[in-house]
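Trainee: Would you mind keeping the following structure in view while I ask a few things?
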Amino acid sequence: MAAAHRLEPLLAWRAITDGWAVPDEVASAWDAARRTAALHSLGFQAALRLAGGRLDAAGIGWVALKGVALAWRDYPAPELRPMRDIDLLVARADVLHAAGVLAAAGFAMPGSDAAAVAEALRQDKHLPPLEHTGLGVTLELHHALSDAPERHGYRTPQLDPAAMLAGREALAVGGASVPCPASEDLLAHLMVHALYGHRLDCGPLVLADIHFLLAGREIDWCRFVATAQAQGWERGAALLLALTTRHFGPQPHVLPHPPEAILAAAQDALLADPATRDHAETLADLTAARSPAALAHAVRRRLKPDRQVVASESTGGGGWGFWAVWVARRFARLASRLGDRRARREARGAAAVIRWLQS
Amino acid sequence: MSDALAAAKHVLLGMLGGAAPGSQTDLANPD
């Protein structure tokens with residue numbers, strides 16, 4: 001569970017800092033994961049310098065999302081906050097120009113054509129992933145901060161990318177100046193992303209993120225709470241602050257305490273089996289649908305493979321035969337998950353949390 | 001959450017927050 005959720009480097013640091021008595025084989029595995037994360041962070045740092053330099057030279061405003069500010073500013077060491085990729089935000093009007101600029105710097109978009117890019121612009125918050133094979137780094141170029149309103153059956157708060165870009169603050173990373181979100185915007189993005197984008201199955205690193213961010217940065221709580229209320233995610237903020245307080249100790253601000261059953265379900269969802277994410281998302285979408293139209297959209301979305309799946313799995317461009325096989329496989333996977341008690345409980349818990357957030 | 005998996009999750013979250021392994025004895029009342 002610790003490895004699946006990228007927790008080992010932080011556990012290794014805790015064990016050394018606090019002098020835990022840990023079995024040798026466990027300590028060795030944690031230390032190895034920390035060393036690997038440290039090597040990866042060097043690749044991310046090089047990619048940030050390269051991509052940021054090119055975007056700056058092209059006059060494109062950008063912000064490094066989530067892990068960058070946390071890893072290089074808020075955590076005790078960058079490798080304690082492992083990243084899977086680098087997420088950069090640019091204005092929607094700039095995103096295709098930015099992709100072209102990054103392509104010239106070696107960030108390629110393997111397996112994606114113009115149609116996939118157009119679909120990502122319509123339906124996703126970022127373009128298909130860009131990969132720099134020399135650095136071994138994947139980069140996602142975002143044009144939005146929240147999933148599209150119609151993506152899930154449940155309501156998804158819409159964070160404002162323009163406001164985040166306007167409020168950006170410079171952070172020195174390895175000698176380069178990296179624009180990062182203002183602390184309130186970073187906190188809001190972490191919370192909305194984990195709650196509504198992932199139904200908490202992105203793992204408990206979000207609690208460590210919140211803890212280390214709040215430990216080192218002043219937050220304008222009036223502004224933060226007003227934004228959360230206006231955008232309808234104040235319950236989510238209260239839930240994540242309560243969970244962070246439970247496991248990391250008192251935090252600098254307190255919001256109304258969520259019901260104990262919701263805290264327990266959220267805690268369970270935070271360490272859900274990564275293999276059951278699709279099932280949990282399906283259940284949350286279908287059971288928390290806010291209208292018949294949203295329910296119909298959620299069902300339709302599950303009956304249509306995205307372009308990248310068609311491109312990678314179909315040899316004939318994705319006809320009726322491919323679609324029928326794809327749908328059958330998808331439902332077979334879902335049915336096999338329904339037989340798993342842990343998967344059922346975690347999916348039910350995540351759906352219960354989403355319904356509480358909406359009510 | 002009453003089973004062993006739920007208890008393990010609670011212990012892991014506590015360790016992430018700095019609680020030493022084995023120090024969390026009251027799993028039924030985590031607060």
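Chain lettering (A, B, ...) mirrors the order of the structure tokens, residue numbering begins at 1 for each chain separately, and ligand numbering begins at 1 in order of display.
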Could you list the residues in chain B lying within 8 Å of chain A, using only C-alpha atoms, and format the result as a list in words?
Mentor: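 Taking only C-alpha atoms into account, Met1, Ala6, Lys9, His10, Leu12, Leu13, Gly14, Met15, Leu16, Gly17, Gly18, Ala20, Pro21, Pro30 and Asp31 of chain B sit within 8 Å of chain A.
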Trainee: I need the residues from that last selection saved to file as a tab-separated table (two decimals), in the first residue's frame (with N, CA and C atoms), if you can.
Mentor:
chain	number	residue	atom	x	y	z
B	1	MET	N	-15.22	1.26	9.89
B	1	MET	CA	-14.08	0.44	9.49
B	1	MET	C	-13.64	-0.41	10.66
B	6	ALA	N	-8.80	-2.01	7.42
B	6	ALA	CA	-9.09	-0.65	7.86
B	6	ALA	C	-8.12	-0.22	8.96
B	9	LYS	N	-4.80	0.56	7.42
B	9	LYS	CA	-4.83	1.87	6.76
B	9	LYS	C	-4.66	2.99	7.78
B	10	HIS	N	-5.34	2.85	8.91
B	10	HIS	CA	-5.26	3.88	9.95
B	10	HIS	C	-3.83	4.00	10.49
B	12	LEU	N	-1.07	3.17	8.89
B	12	LEU	CA	-0.20	3.74	7.85
B	12	LEU	C	-0.38	5.26	7.76
B	13	LEU	N	-1.61	5.72	7.84
B	13	LEU	CA	-1.84	7.17	7.80
B	13	LEU	C	-1.19	7.85	9.00
B	14	GLY	N	-1.28	7.19	10.16
B	14	GLY	CA	-0.65	7.75	11.36
B	14	GLY	C	0.86	7.82	11.21
B	15	MET	N	1.46	6.77	10.64
B	15	MET	CA	2.92	6.77	10.43
B	15	MET	C	3.31	7.89	9.48
B	16	LEU	N	2.50	8.09	8.46
B	16	LEU	CA	2.79	9.17	7.51
B	16	LEU	C	2.82	10.52	8.24
B	17	GLY	N	1.95	10.64	9.24
B	17	GLY	CA	1.90	11.88	10.02
B	17	GLY	C	2.92	11.93	11.14
B	18	GLY	N	3.71	10.86	11.32
B	18	GLY	CA	4.78	10.90	12.31
B	18	GLY	C	4.60	10.01	13.52
B	20	ALA	N	4.97	6.77	15.52
B	20	ALA	CA	5.88	5.63	15.41
B	20	ALA	C	5.08	4.34	15.24
B	21	PRO	N	5.62	3.39	14.45
B	21	PRO	CA	4.93	2.10	14.30
B	21	PRO	C	4.71	1.46	15.68
B	30	PRO	N	-9.73	6.72	17.10
B	30	PRO	CA	-8.49	7.33	16.61
B	30	PRO	C	-8.25	8.74	17.12
B	31	ASP	N	-9.29	9.45	17.51
B	31	ASP	CA	-9.05	10.80	18.04
B	31	ASP	C	-8.62	10.76	19.49
Trainee: Find the residues near Leu88 of chain A: any atom within 9 Å, counting only C-alpha atoms, skip ones fewer than 4 places away on the same chain, and give them as an MDAnalysis selection string.
Mentor: chainID A and resid 62:65 139:143
Trainee: With C-alpha atoms retained, export the selected residues as an mmCIF file, in the first residue's frame.
Mentor:
data_model
loop_
_atom_site.group_PDB
_atom_site.id
_atom_site.type_symbol
_atom_site.label_atom_id
_atom_site.label_comp_id
_atom_site.auth_asym_id
_atom_site.auth_seq_id
_atom_site.Cartn_x
_atom_site.Cartn_y
_atom_site.Cartn_z
ATOM 1 C CA TRP A 62 2.740 29.512 -17.191
ATOM 2 C CA VAL A 63 2.485 28.058 -13.698
ATOM 3 C CA ALA A 64 3.906 24.792 -12.326
ATOM 4 C CA LEU A 65 1.030 22.985 -10.598
ATOM 5 C CA LEU A 139 4.792 16.595 -18.836
ATOM 6 C CA GLU A 140 1.108 17.484 -18.898
ATOM 7 C CA LEU A 141 0.136 20.815 -20.376
ATOM 8 C CA HIS A 142 -3.058 21.984 -18.663
ATOM 9 C CA HIS A 143 -5.521 24.520 -20.004
#
Trainee: Within 7 Å of segment 278-282 of chain A, counting only C-alpha atoms, which residues qualify if same-chain residues fewer than 5 places away don't, as a ChimeraX atom specification?
Mentor: /A:334,347,350
